[in-house]
Amino acid sequence: MSGTLKTVLLGSKLRVSFTLILTLGVVVAGGLSLGVLGAPSVAGVQNSFGNVSEETTEVRTDLVVRNPNPVGVSLGGVAVSYDVTMNDVAMANGTKDGVSVGTGNSTVGFSTQMDNDRIPAWWSSHVRNGEQTELRVDASVRSGTLGRTVEAPPVKRQISTDVISQFNSSESRPIDADQPFVSDPVAYVNETSAQWGEVTKSETPIDMRFEVYNAKTLPMAVTEIGYTITMNDHTVGNGTSEDSHVIEGHTSETIETKTAIRNEKLDEWWVSHLENDQVTRLRIDFYAKMELGGETFRVPLDEMTYTRTIETDIFGTKGESDDAGDADGTTSGDDSATTSGSDTATTSGGSDTQTSGDDTATTPNETTTDSDESETSSSGGETTTTDDGLLELSDSEIR
């Protein structure tokens, strides 16, 4: 009798448990069909950069999944996914399946690898768009049981830079030949300007203009202007312009030249940009080949060296812990409006400089005085000098 009683009691418990499970399943299914129980959704998303190599960049993501139901669910499998685009250029995407979430908000963390060869395409779009980028993160949660996907409102962020505008300057800068047969300065650059050219898949041109004043009486020929562009000491462009310009004595001439960033070099720069906490030092160095009085010489245009600090905060999480991402630390999908101007990633104003070296040697435009035609004094008293367009020679030296 006792064995039979145990069997009966065990069978009753199994039937009760099965009935409870079946009832719970019916209640859940019915609740879902009636809208009483809701599907999980994305409450927030936060991205940050992780490890970076020559080929890939790790994008770390914390998704906050909101479960409105009074019980935790896996419901046959919950999958979360996201996509990151910059000016509609796909940068990264990821999916995580089989997610189980408790009640309320749960943080799901995962990472994906972005190919660095996406950087040139984004850079081209950034320059074409006036150095403006819209970062967009789209996230969604899919329930296998419901057969439904709930998408979060997109998170948007504006990224702004200002790379070349400060090259536009009317500051007068001397050009020294630093040669034994000619007195300095030989010329002045009285004005510079720059604008982006037509961006192609292979290069990002910068069209530049220089107003050059010949400080001598003899004509001066500028036969070549060369340049080198570096970003965090990585050479991303160099070349020469071989158009010759003849500048008559004591006159000005506008010289146009094109420099270009080689886009295939930008993935190397990108690695340095992230390793340097999203800070880049842009530098453009120039030189010129000049012919004056039958002599040809190469002149480093140190006073025209252009430097610019570019600082970004692409995901708006720079300086925060990579492990951050709880419900209180994420960007809510409801707050997905574009960030205000004060929060955008812009070039660093405090570090922007126009030239390197001494900026005190300036001469007003078109009023440069040729020292070769002035009177000079020597230890033996005043002597009148004669101008041959190159050297300053006294009457006694001529004799």
# chains A, B, ... in the order shown; residues from 1 in each chain; ligands from 1
>>> residues_around(residues="Asn190 (chain A)", least_positions_apart="3", cutoff="7 Å", atoms="only C-alpha atoms", output="list of chain:residue names")
A:Ser170, A:Glu171, A:Ser172, A:Arg173, A:Glu211, A:Val212, A:Tyr213, A:Asn365
>>> write_last_selection(atoms="N, CA and C atoms", output="PDB file, in the first residue's frame")
ATOM      1  N   SER A 170      46.199  86.753 -44.101  1.00  0.00           N
ATOM      2  CA  SER A 170      46.811  87.911 -44.760  1.00  0.00           C
ATOM      3  C   SER A 170      48.066  88.365 -44.017  1.00  0.00           C
ATOM      4  N   GLU A 171      48.584  87.501 -43.170  1.00  0.00           N
ATOM      5  CA  GLU A 171      49.820  87.806 -42.460  1.00  0.00           C
ATOM      6  C   GLU A 171      50.997  87.770 -43.427  1.00  0.00           C
ATOM      7  N   SER A 172      51.861  88.771 -43.346  1.00  0.00           N
ATOM      8  CA  SER A 172      53.025  88.838 -44.227  1.00  0.00           C
ATOM      9  C   SER A 172      54.183  88.072 -43.600  1.00  0.00           C
ATOM     10  N   ARG A 173      54.798  87.169 -44.396  1.00  0.00           N
ATOM     11  CA  ARG A 173      55.869  86.319 -43.882  1.00  0.00           C
ATOM     12  C   ARG A 173      57.067  86.358 -44.827  1.00  0.00           C
ATOM     13  N   GLU A 211      50.154  84.619 -52.391  1.00  0.00           N
ATOM     14  CA  GLU A 211      50.519  85.901 -52.997  1.00  0.00           C
ATOM     15  C   GLU A 211      51.953  86.213 -52.578  1.00  0.00           C
ATOM     16  N   VAL A 212      52.867  86.205 -53.563  1.00  0.00           N
ATOM     17  CA  VAL A 212      54.300  86.344 -53.297  1.00  0.00           C
ATOM     18  C   VAL A 212      54.783  87.696 -53.810  1.00  0.00           C
ATOM     19  N   TYR A 213      55.490  88.431 -52.972  1.00  0.00           N
ATOM     20  CA  TYR A 213      56.058  89.731 -53.326  1.00  0.00           C
ATOM     21  C   TYR A 213      57.564  89.586 -53.495  1.00  0.00           C
ATOM     22  N   ASN A 365      51.796  94.515 -46.552  1.00  0.00           N
ATOM     23  CA  ASN A 365      51.629  94.161 -47.952  1.00  0.00           C
ATOM     24  C   ASN A 365      51.991  95.331 -48.854  1.00  0.00           C
TER      25      ASN A 365
END
>>> residues_around(residues="region 240-248 of chain A", least_positions_apart="5", cutoff="6 Å", atoms="only C-alpha atoms", output="number ranges by chain")
A: 219-226, 253
>>> closest_residue(among="A:Thr112, A:Gln278, A:Ser140, A:Asn87", to="Pro40 (chain A)", atoms="only C-alpha atoms")
A:Ser140
>>> select_by_dssp(residues="region 75-322 of chain A", states="strand (DSSP E or B)", output="ChimeraX atom specification")
/A:75-86,89-101,104-115,132-143,148-151,155-160,169,173-175,187-196,203-214,220-231,234-241,245-247,252-262,279-292,295-300,306-311
>>> residues_around(residues="Asp138 (chain A)", least_positions_apart="5", cutoff="6 Å", atoms="only C-alpha atoms", output="CSV table (one decimal) with C-alpha atoms, in the first residue's frame")
chain,number,residue,atom,x,y,z
A,82,TYR,CA,23.1,47.2,-34.0
A,83,ASP,CA,24.5,49.1,-37.0
A,154,PRO,CA,18.2,55.9,-33.9
>>> atom_distance(atom1="CA of Val42 (chain A)", atom2="CA of Val137 (chain A)")
11.9 Å
>>> residues_around(residues="region 262-269 of chain A", least_positions_apart="3", cutoff="12 Å", atoms="only C-alpha atoms", output="number ranges by chain")
A: 52-57, 114-125, 127, 199-206, 228-239, 259, 272-276, 278-282
>>> write_last_selection(atoms="C-alpha atoms", output="mmCIF file, in the first residue's frame")
data_model
loop_
_atom_site.group_PDB
_atom_site.id
_atom_site.type_symbol
_atom_site.label_atom_id
_atom_site.label_comp_id
_atom_site.auth_asym_id
_atom_site.auth_seq_id
_atom_site.Cartn_x
_atom_site.Cartn_y
_atom_site.Cartn_z
ATOM 1 C CA VAL A 52 43.098 48.806 -32.591
ATOM 2 C CA SER A 53 45.496 47.102 -34.993
ATOM 3 C CA GLU A 54 46.770 47.925 -38.464
ATOM 4 C CA GLU A 55 43.811 46.121 -40.022
ATOM 5 C CA THR A 56 40.886 46.376 -37.593
ATOM 6 C CA THR A 57 39.351 48.504 -34.856
ATOM 7 C CA MET A 114 35.586 47.234 -37.910
ATOM 8 C CA ASP A 115 37.815 47.004 -40.977
ATOM 9 C CA ASN A 116 40.110 50.031 -41.112
ATOM 10 C CA ASP A 117 39.772 50.109 -44.883
ATOM 11 C CA ARG A 118 36.374 51.749 -44.289
ATOM 12 C CA ILE A 119 38.154 54.921 -43.137
ATOM 13 C CA PRO A 120 39.031 56.335 -46.598
ATOM 14 C CA ALA A 121 35.405 56.071 -47.744
ATOM 15 C CA TRP A 122 34.196 57.833 -44.604
ATOM 16 C CA TRP A 123 36.886 60.542 -44.871
ATOM 17 C CA SER A 124 35.868 61.298 -48.457
ATOM 18 C CA SER A 125 32.235 61.685 -47.415
ATOM 19 C CA VAL A 127 35.190 66.331 -46.680
ATOM 20 C CA VAL A 199 37.548 64.585 -53.703
ATOM 21 C CA THR A 200 38.108 61.315 -55.546
ATOM 22 C CA LYS A 201 38.394 57.739 -54.369
ATOM 23 C CA SER A 202 42.181 57.982 -54.376
ATOM 24 C CA GLU A 203 42.928 61.483 -53.094
ATOM 25 C CA THR A 204 41.664 64.512 -51.214
ATOM 26 C CA PRO A 205 43.056 67.626 -52.935
ATOM 27 C CA ILE A 206 43.699 70.939 -51.189
ATOM 28 C CA THR A 228 54.768 67.125 -47.513
ATOM 29 C CA ILE A 229 51.609 66.429 -45.470
ATOM 30 C CA THR A 230 51.879 64.466 -42.228
ATOM 31 C CA MET A 231 49.218 63.429 -39.734
ATOM 32 C CA ASN A 232 50.680 62.301 -36.396
ATOM 33 C CA ASP A 233 54.044 61.991 -38.175
ATOM 34 C CA HIS A 234 52.580 59.618 -40.779
ATOM 35 C CA THR A 235 53.180 60.922 -44.299
ATOM 36 C CA VAL A 236 49.808 60.978 -46.065
ATOM 37 C CA GLY A 237 50.758 63.121 -49.047
ATOM 38 C CA ASN A 238 53.680 64.734 -50.861
ATOM 39 C CA GLY A 239 54.412 66.123 -54.279
ATOM 40 C CA THR A 259 48.430 69.511 -52.527
ATOM 41 C CA SER A 272 47.513 56.686 -34.707
ATOM 42 C CA HIS A 273 44.437 58.889 -34.175
ATOM 43 C CA LEU A 274 42.817 56.339 -31.847
ATOM 44 C CA GLU A 275 46.062 55.454 -30.093
ATOM 45 C CA ASN A 276 46.534 59.176 -29.399
ATOM 46 C CA GLN A 278 41.466 60.723 -30.963
ATOM 47 C CA VAL A 279 43.910 63.613 -31.367
ATOM 48 C CA THR A 280 45.811 64.300 -34.602
ATOM 49 C CA ARG A 281 48.519 66.817 -35.393
ATOM 50 C CA LEU A 282 48.274 67.828 -39.050
#
>>> closest_residue(among="A:Asn214, A:Thr307, A:Gln166, A:Ser160", to="Gly130 (chain A)", atoms="only C-alpha atoms")
A:Ser160
>>> closest_residue(among="A:Asp62, A:Asp285, A:Glu198, A:Asp97", to="Val78 (chain A)", atoms="only C-alpha atoms")
A:Asp97
>>> atom_distance(atom1="CA of Ile284 (chain A)", atom2="CA of Ala215 (chain A)")
24.9 Å
>>> closest_residue(among="A:Glu58, A:Thr149, A:Tyr306, A:Val45", to="Val271 (chain A)", atoms="only C-alpha atoms")
A:Glu58
>>> residues_around(residues="Arg142 (chain A)", least_positions_apart="6", cutoff="9 Å", atoms="only C-alpha atoms", output="list in words")
Ala39, Pro40, Ser41, Gly77, Val78, Ala79, Val80, Ser81, Arg148, Thr149, Val150 and Glu151 of chain A
>>> write_last_selection(atoms="N, CA and C atoms", output="tab-separated table (two decimals), in the first residue's frame")
chain	number	residue	atom	x	y	z
A	39	ALA	N	6.98	42.83	-25.68
A	39	ALA	CA	8.24	42.34	-26.23
A	39	ALA	C	9.39	43.19	-25.68
A	40	PRO	N	10.55	42.57	-25.47
A	40	PRO	CA	11.71	43.34	-25.03
A	40	PRO	C	12.07	44.41	-26.06
A	41	SER	N	12.66	45.50	-25.59
A	41	SER	CA	13.05	46.59	-26.49
A	41	SER	C	14.40	47.14	-26.06
A	77	GLY	N	14.64	32.50	-27.37
A	77	GLY	CA	15.81	33.18	-27.91
A	77	GLY	C	15.53	34.63	-28.20
A	78	VAL	N	16.28	35.51	-27.55
A	78	VAL	CA	16.21	36.94	-27.82
A	78	VAL	C	17.53	37.34	-28.48
A	79	ALA	N	17.45	38.04	-29.60
A	79	ALA	CA	18.64	38.49	-30.31
A	79	ALA	C	18.67	40.00	-30.34
A	80	VAL	N	19.84	40.57	-30.06
A	80	VAL	CA	20.00	42.01	-30.14
A	80	VAL	C	21.02	42.31	-31.24
A	81	SER	N	20.84	43.40	-31.95
A	81	SER	CA	21.75	43.76	-33.04
A	81	SER	C	21.84	45.27	-33.15
A	148	ARG	N	8.78	38.84	-33.58
A	148	ARG	CA	8.70	40.29	-33.73
A	148	ARG	C	10.07	40.93	-33.48
A	149	THR	N	10.31	42.02	-34.18
A	149	THR	CA	11.51	42.81	-33.98
A	149	THR	C	11.11	44.21	-33.55
A	150	VAL	N	11.67	44.66	-32.45
A	150	VAL	CA	11.39	46.00	-31.96
A	150	VAL	C	12.64	46.84	-32.16
A	151	GLU	N	12.53	47.91	-32.94
A	151	GLU	CA	13.67	48.77	-33.23
A	151	GLU	C	13.65	49.99	-32.32
